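Visitor: Pasting a structure below so you can have a look.
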Amino acid sequence: MTADLFDRLPTPSQKVAAPLADRMRPRTLQEYVGQEHLLGEGKLLRRAMEAGELPSLILWGPPGSGKTTLAFLLAERCKATFLPFSAVTSGIKEIKEVIARAQQERAYGRRTLLFIDEIHRFNKAQQDAFLPHVEGGTIVLIGATTENPSFEVIAPLLSRAKVVTLRPLTEDALIVILRRALDDQERGLGRLRIEADDDALRFIAGLGSGDARVSLNTLELAAQMVEEQPDGSRRLTAQMAQEASGRRTLLYDKTGEEHYNLISVLHKSLRGSDPDASLYWLARMLASGEDPMYIARRVVRFASEDVGNADPRALQVALAAKDAYHFLGSPEGELALAQAVVFLATAPKSNAVYKAFGEAQQDVEQAPLEGVPLHLRNAPTALMKELEYGAGYQYPHDLPEAIALQDYLPERLKGRIYYHPTDRGLEAEIGQRLAKWRRRRVGTPS
């Protein structure tokens, strides 16, 4: 009842050609590991399978969390034809062909589960093409995506499908999968009779970052390094696992949700005055391949938005870090970014300038726009002087303390206060000075 994706699952005679991760793909619900919040007793997908129902779904989860396998198991349990479809290699022509096949299956009384891998890669027109067939019951649509469906899947399709979130596999779940691969003699590595140290498997599971495919691929490489000992034993050690692992692959998409998640947590760690967390997230972004100059720009923004005048040096340090990285490049320039991150995390915080500017912008948008008060206008011509441009302007440097008690705002906004300094860092001193000036401006004794 299934289409060629799972028809091609390797037989024992084919197992050398297929990667271990493909060979060990679960074929039954009993073999499926993880996602207990969906498949546990009484949970959503377990109830759907037991009832033989086929709801349209959007499976949203990280790579290697079991989205494809879950769709296959749902189709098998509900006795539906499973048609896998890739958004990477297919277009409107292929969509029409697969719909035609689904219509044939329906004519014979068989349901069709159309599984679309990486559905977020389809454009709006391509996604629209499925709508009438989902509504008419020709297909049950299950789309898999690593991207937030709210951004990548059109609203009409979201309204006709339930979004199901898959979680990264836990380290313990990955160890179960690795142990099963070592023991399985038909599809796994059982014939090699490898004994694996617990710390070796835990290391491999940790490298997977919740991705079963990454963990199994690493195990397969590590197994190739295991040599038979004189007593006939084969043991996989943590050192072998480390040698086979190479460099960890980190989940990241420069234009997707994880990009924004990581820059958000870096910003929040800085704002929360936690230099240790800030350094970790900085290192995480750099290791994932983020553009260091993008990080530098966000660091400069943070200096003004969240430190501001509590320590004006923050902006200087941030800009210097940007220039240092531009001058040195990686990896040397990354240390300048780290220095700036630590400085910002440990600096006194103030968003007073940020809030003040926002309020000023709001008044520009909403308040009536008045001309510049006459006493504040330049008068470069005789006519302007006759019209009293600049008349009554007080030059602060000619006054005591260089303070002119004049109004500088338009008439309708006189007395408006945007900037409210905090009592932290240098801004506390600024606040005291400004309060004194403001009292004098309104005629209150200092």
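Each chain in the structure tokens gets a letter, A, B, ..., in the order shown, and its residues are numbered from 1; ligands are numbered from 1 in order too.
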Can you pull out the residues contacting range 213-229 of chain A? Cut-off 9 Å, using only C-alpha atoms, and skip same-chain residues under 6 positions away; I want them as a ChimeraX atom specification.
Guide: /A:19-22,24,63-65,174-175,177-178,181-182,189,192,194,201,204-207,235-237,240-246,249
Visitor: Enumerate, in order of chain and increasing residue number, the residues of range 5-88 of chain A with an atom no farther than 7 Å from range 143-153 of chain A, each with its shortest atom pair and distance in Å to one decimal, counting only C-alpha atoms, as JSON lines.
Guide:
{"residue": "A:Leu57", "atom": "CA", "partner": "A:Gly143", "partner_atom": "CA", "distance": 6.4}
{"residue": "A:Ile58", "atom": "CA", "partner": "A:Gly143", "partner_atom": "CA", "distance": 4.7}
{"residue": "A:Leu59", "atom": "CA", "partner": "A:Ala144", "partner_atom": "CA", "distance": 4.7}
{"residue": "A:Trp60", "atom": "CA", "partner": "A:Thr145", "partner_atom": "CA", "distance": 5.1}
{"residue": "A:Gly61", "atom": "CA", "partner": "A:Thr146", "partner_atom": "CA", "distance": 5.2}
{"residue": "A:Pro62", "atom": "CA", "partner": "A:Thr146", "partner_atom": "CA", "distance": 5.2}
{"residue": "A:Pro63", "atom": "CA", "partner": "A:Thr146", "partner_atom": "CA", "distance": 6.7}
{"residue": "A:Lys67", "atom": "CA", "partner": "A:Ala144", "partner_atom": "CA", "distance": 6.3}
Visitor: Rank A:Met285, A:Ala18, A:Leu337, A:Leu319 by their smallest atom-to-atom distance to Leu266 in chain A, using only C-alpha atoms, and report the top residue only.
Guide: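 Answer, going by the shortest atom-to-atom distance: A:Met285.
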Visitor: Have a look at A:Ala345, A:Leu113, A:Ala277, A:Ile119 and name the one nearest to Lys79 in chain A; count only C-alpha atoms.
Guide: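 Nearest candidate to Lys79 in chain A out of A:Ala345, A:Leu113, A:Ala277, A:Ile119: A:Leu113.
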Visitor: Using only C-alpha atoms, determine which residues lie at most 10 Å from Lys268 in chain A, disregarding the query and same-chain residues fewer than 4 positions distant; provide the list as a short mmCIF file (atom, residue, chain, number, x, y, z; two decimals) with C-alpha atoms, in the first residue's frame.
Guide:
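What follows is the written file part_6.cif:
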data_model
loop_
_atom_site.label_atom_id
_atom_site.label_comp_id
_atom_site.auth_asym_id
_atom_site.auth_seq_id
_atom_site.Cartn_x
_atom_site.Cartn_y
_atom_site.Cartn_z
CA LEU A 262 19.62 32.60 18.60
CA ILE A 263 20.00 36.33 18.09
CA SER A 264 17.03 36.80 20.41
CA GLY A 272 19.84 40.12 31.62
CA SER A 273 23.47 40.97 32.51
CA ASP A 274 24.65 37.37 32.15
CA ALA A 277 25.25 32.91 28.75
CA SER A 278 26.04 35.76 26.36
CA ALA A 345 26.51 42.21 29.62
#
Visitor: Find the residues near Glu429 in chain A: any atom within 12 Å, counting only C-alpha atoms, skip ones fewer than 6 places away on the same chain, and give them as JSON, numbers by chain.
Guide: {"A": [309, 310, 311, 421, 422, 423, 435, 436]}
Visitor: Pick out each residue of range 146-372 of chain A that DSSP on the backbone tags as alpha helix (DSSP H); I need them as a PyMOL selection string.
Guide: chain A and resi 149-152+155-159+171-183+198-208+212-224+238-245+257-271+275-287+292-302+313-328+334-346+352-366
Visitor: When you look at Arg416 in chain A with a cut-off of 12 Å (counting only C-alpha atoms), what residues show up, excluding the ones that are within fewer than 5 positions of it in the same chain? I need them as a ChimeraX atom specification.
Guide: /A:356,359-360,363,367,407-411,438,442
Visitor: Name the residues of range 110-283 of chain A that come out as strand (DSSP E) in a backbone DSSP run; write them as a tab-separated table (two decimals) with all heavy atoms, in the first residue's frame.
Guide:
chain	number	residue	atom	x	y	z
A	112	THR	N	-5.55	8.15	0.08
A	112	THR	CA	-4.16	8.51	-0.25
A	112	THR	C	-3.64	9.52	0.75
A	112	THR	O	-4.26	10.56	0.98
A	112	THR	CB	-4.06	9.11	-1.66
A	112	THR	OG1	-4.45	8.12	-2.61
A	112	THR	CG2	-2.63	9.55	-1.96
A	113	LEU	N	-2.52	9.17	1.34
A	113	LEU	CA	-1.81	10.12	2.20
A	113	LEU	C	-0.65	10.67	1.39
A	113	LEU	O	0.28	9.95	1.04
A	113	LEU	CB	-1.30	9.43	3.47
A	113	LEU	CG	-0.72	10.35	4.55
A	113	LEU	CD1	-0.85	9.70	5.93
A	113	LEU	CD2	0.75	10.68	4.30
A	114	LEU	N	-0.75	11.96	1.07
A	114	LEU	CA	0.32	12.62	0.31
A	114	LEU	C	1.27	13.29	1.30
A	114	LEU	O	0.90	14.23	1.99
A	114	LEU	CB	-0.27	13.66	-0.64
A	114	LEU	CG	0.75	14.45	-1.48
A	114	LEU	CD1	1.54	13.52	-2.38
A	114	LEU	CD2	0.05	15.51	-2.31
A	115	PHE	N	2.49	12.79	1.33
A	115	PHE	CA	3.48	13.33	2.24
A	115	PHE	C	4.41	14.26	1.48
A	115	PHE	O	5.08	13.85	0.51
A	115	PHE	CB	4.30	12.21	2.88
A	115	PHE	CG	5.44	12.71	3.73
A	115	PHE	CD1	5.20	13.30	4.95
A	115	PHE	CD2	6.75	12.59	3.29
A	115	PHE	CE1	6.24	13.78	5.73
A	115	PHE	CE2	7.81	13.06	4.06
A	115	PHE	CZ	7.55	13.65	5.29
A	116	ILE	N	4.45	15.53	1.89
A	116	ILE	CA	5.29	16.53	1.22
A	116	ILE	C	6.45	16.89	2.13
A	116	ILE	O	6.27	17.54	3.18
A	116	ILE	CB	4.49	17.80	0.87
A	116	ILE	CG1	3.28	17.43	0.02
A	116	ILE	CG2	5.38	18.80	0.14
A	116	ILE	CD1	2.40	18.61	-0.30
A	117	ASP	N	7.62	16.45	1.75
A	117	ASP	CA	8.81	16.78	2.53
A	117	ASP	C	9.27	18.20	2.21
A	117	ASP	O	9.26	18.61	1.05
A	117	ASP	CB	9.93	15.78	2.21
A	117	ASP	CG	11.06	15.84	3.21
A	117	ASP	OD1	10.84	16.33	4.33
A	117	ASP	OD2	12.17	15.40	2.86
A	140	VAL	N	-5.22	13.20	1.75
A	140	VAL	CA	-4.91	13.67	3.10
A	140	VAL	C	-3.48	14.18	3.03
A	140	VAL	O	-2.57	13.46	2.62
A	140	VAL	CB	-5.02	12.54	4.14
A	140	VAL	CG1	-4.52	13.03	5.49
A	140	VAL	CG2	-6.46	12.07	4.24
A	141	LEU	N	-3.30	15.43	3.36
A	141	LEU	CA	-1.99	16.07	3.21
A	141	LEU	C	-1.23	16.05	4.52
A	141	LEU	O	-1.76	16.47	5.56
A	141	LEU	CB	-2.17	17.51	2.74
A	141	LEU	CG	-0.89	18.34	2.60
A	141	LEU	CD1	-0.05	17.81	1.45
A	141	LEU	CD2	-1.22	19.81	2.38
A	142	ILE	N	-0.02	15.56	4.47
A	142	ILE	CA	0.89	15.68	5.61
A	142	ILE	C	2.16	16.35	5.11
A	142	ILE	O	2.87	15.80	4.27
A	142	ILE	CB	1.20	14.33	6.27
A	142	ILE	CG1	-0.08	13.72	6.84
A	142	ILE	CG2	2.26	14.50	7.36
A	142	ILE	CD1	0.14	12.49	7.69
A	143	GLY	N	2.40	17.55	5.58
A	143	GLY	CA	3.60	18.29	5.19
A	143	GLY	C	4.61	18.28	6.32
A	143	GLY	O	4.25	18.37	7.49
A	144	ALA	N	5.86	18.16	5.96
A	144	ALA	CA	6.95	18.18	6.95
A	144	ALA	C	7.77	19.43	6.73
A	144	ALA	O	8.08	19.80	5.59
A	144	ALA	CB	7.83	16.94	6.82
A	145	THR	N	8.12	20.08	7.81
A	145	THR	CA	8.92	21.30	7.69
A	145	THR	C	9.79	21.49	8.92
A	145	THR	O	9.40	21.13	10.03
A	145	THR	CB	8.01	22.54	7.50
A	145	THR	OG1	8.83	23.71	7.42
A	145	THR	CG2	7.03	22.70	8.64
A	162	LYS	N	-3.83	20.37	10.92
A	162	LYS	CA	-3.40	20.61	12.29
A	162	LYS	C	-1.89	20.62	12.35
A	162	LYS	O	-1.23	19.72	11.81
A	162	LYS	CB	-3.96	19.52	13.22
A	162	LYS	CG	-3.58	19.75	14.68
A	162	LYS	CD	-4.28	18.78	15.59
A	162	LYS	CE	-3.92	19.07	17.05
A	162	LYS	NZ	-4.27	20.44	17.46
A	163	VAL	N	-1.34	21.64	12.98
A	163	VAL	CA	0.11	21.73	13.14
A	163	VAL	C	0.53	20.88	14.34
A	163	VAL	O	0.01	21.07	15.45
A	163	VAL	CB	0.57	23.18	13.33
A	163	VAL	CG1	2.08	23.22	13.59
A	163	VAL	CG2	0.23	24.01	12.09
A	164	VAL	N	1.43	19.95	14.11
A	164	VAL	CA	1.93	19.06	15.16
A	164	VAL	C	3.43	19.33	15.31
A	164	VAL	O	4.17	19.26	14.33
A	164	VAL	CB	1.67	17.59	14.81
A	164	VAL	CG1	2.33	16.67	15.83
A	164	VAL	CG2	0.17	17.31	14.74
A	165	THR	N	3.84	19.62	16.53
A	165	THR	CA	5.24	19.95	16.78
A	165	THR	C	6.00	18.73	17.28
A	165	THR	O	5.64	18.14	18.30
A	165	THR	CB	5.35	21.08	17.81
A	165	THR	OG1	4.61	22.21	17.35
A	165	THR	CG2	6.80	21.49	18.02
A	194	ILE	N	29.93	-5.55	17.85
A	194	ILE	CA	30.65	-4.45	18.50
A	194	ILE	C	30.03	-4.16	19.86
A	194	ILE	O	28.82	-4.03	19.99
A	194	ILE	CB	30.60	-3.17	17.63
A	194	ILE	CG1	31.36	-3.40	16.33
A	194	ILE	CG2	31.15	-1.97	18.39
A	194	ILE	CD1	31.26	-2.23	15.36
A	195	GLU	N	30.88	-4.08	20.87
A	195	GLU	CA	30.47	-3.62	22.19
A	195	GLU	C	30.86	-2.15	22.31
A	195	GLU	O	32.02	-1.80	22.08
A	195	GLU	CB	31.14	-4.45	23.29
A	195	GLU	CG	30.72	-5.91	23.31
A	195	GLU	CD	29.27	-6.08	23.74
A	195	GLU	OE1	28.79	-5.20	24.52
A	195	GLU	OE2	28.63	-7.05	23.31
A	196	ALA	N	29.91	-1.33	22.68
A	196	ALA	CA	30.18	0.11	22.77
A	196	ALA	C	30.18	0.56	24.22
A	196	ALA	O	29.28	0.19	24.99
A	196	ALA	CB	29.14	0.89	21.98
A	234	ARG	N	35.37	-6.74	19.81
A	234	ARG	CA	35.42	-5.44	19.15
A	234	ARG	C	34.77	-4.42	20.07
A	234	ARG	O	33.61	-4.58	20.45
A	234	ARG	CB	34.68	-5.46	17.80
A	234	ARG	CG	35.33	-6.30	16.72
A	234	ARG	CD	34.54	-6.15	15.42
A	234	ARG	NE	35.19	-6.81	14.30
A	234	ARG	CZ	34.98	-8.07	13.95
A	234	ARG	NH1	34.14	-8.81	14.67
A	234	ARG	NH2	35.61	-8.60	12.92
A	235	ARG	N	35.51	-3.38	20.42
A	235	ARG	CA	34.97	-2.40	21.37
A	235	ARG	C	35.08	-0.99	20.80
A	235	ARG	O	36.15	-0.57	20.33
A	235	ARG	CB	35.71	-2.49	22.71
A	235	ARG	CG	35.25	-1.44	23.74
A	235	ARG	CD	35.70	-1.82	25.13
A	235	ARG	NE	35.07	-3.03	25.58
A	235	ARG	CZ	33.82	-3.12	26.07
A	235	ARG	NH1	33.09	-2.02	26.16
A	235	ARG	NH2	33.33	-4.27	26.48
A	236	LEU	N	33.98	-0.29	20.87
A	236	LEU	CA	33.93	1.09	20.44
A	236	LEU	C	34.12	1.99	21.66
A	236	LEU	O	33.33	1.97	22.61
A	236	LEU	CB	32.57	1.41	19.78
A	236	LEU	CG	32.30	2.87	19.41
A	236	LEU	CD1	33.33	3.38	18.42
A	236	LEU	CD2	30.90	3.02	18.85
Visitor: Kindly indicate which residue among A:Glu171, A:Glu186, A:Asp197, A:Glu76 lies nearest to Glu50 in chain A, using only C-alpha atoms for the distances.
Guide: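 Answer, going by the shortest atom-to-atom distance: A:Glu76.
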Visitor: What's the 12 Å shell around Pro312 in chain A, counting only C-alpha atoms, without same-chain residues fewer than 2 positions away, as a PyMOL selection string?
Guide: chain A and resi 300+302-310+314-319+343-344+347-350+353+425-427+430
Visitor: How many Å lie between CA of Pro396 in chain A and CA of Leu376 in chain A, rounded to one decimal?
Guide: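 Atom-to-atom, CA of Pro396 in chain A and CA of Leu376 in chain A are spaced 12.7 Å apart.
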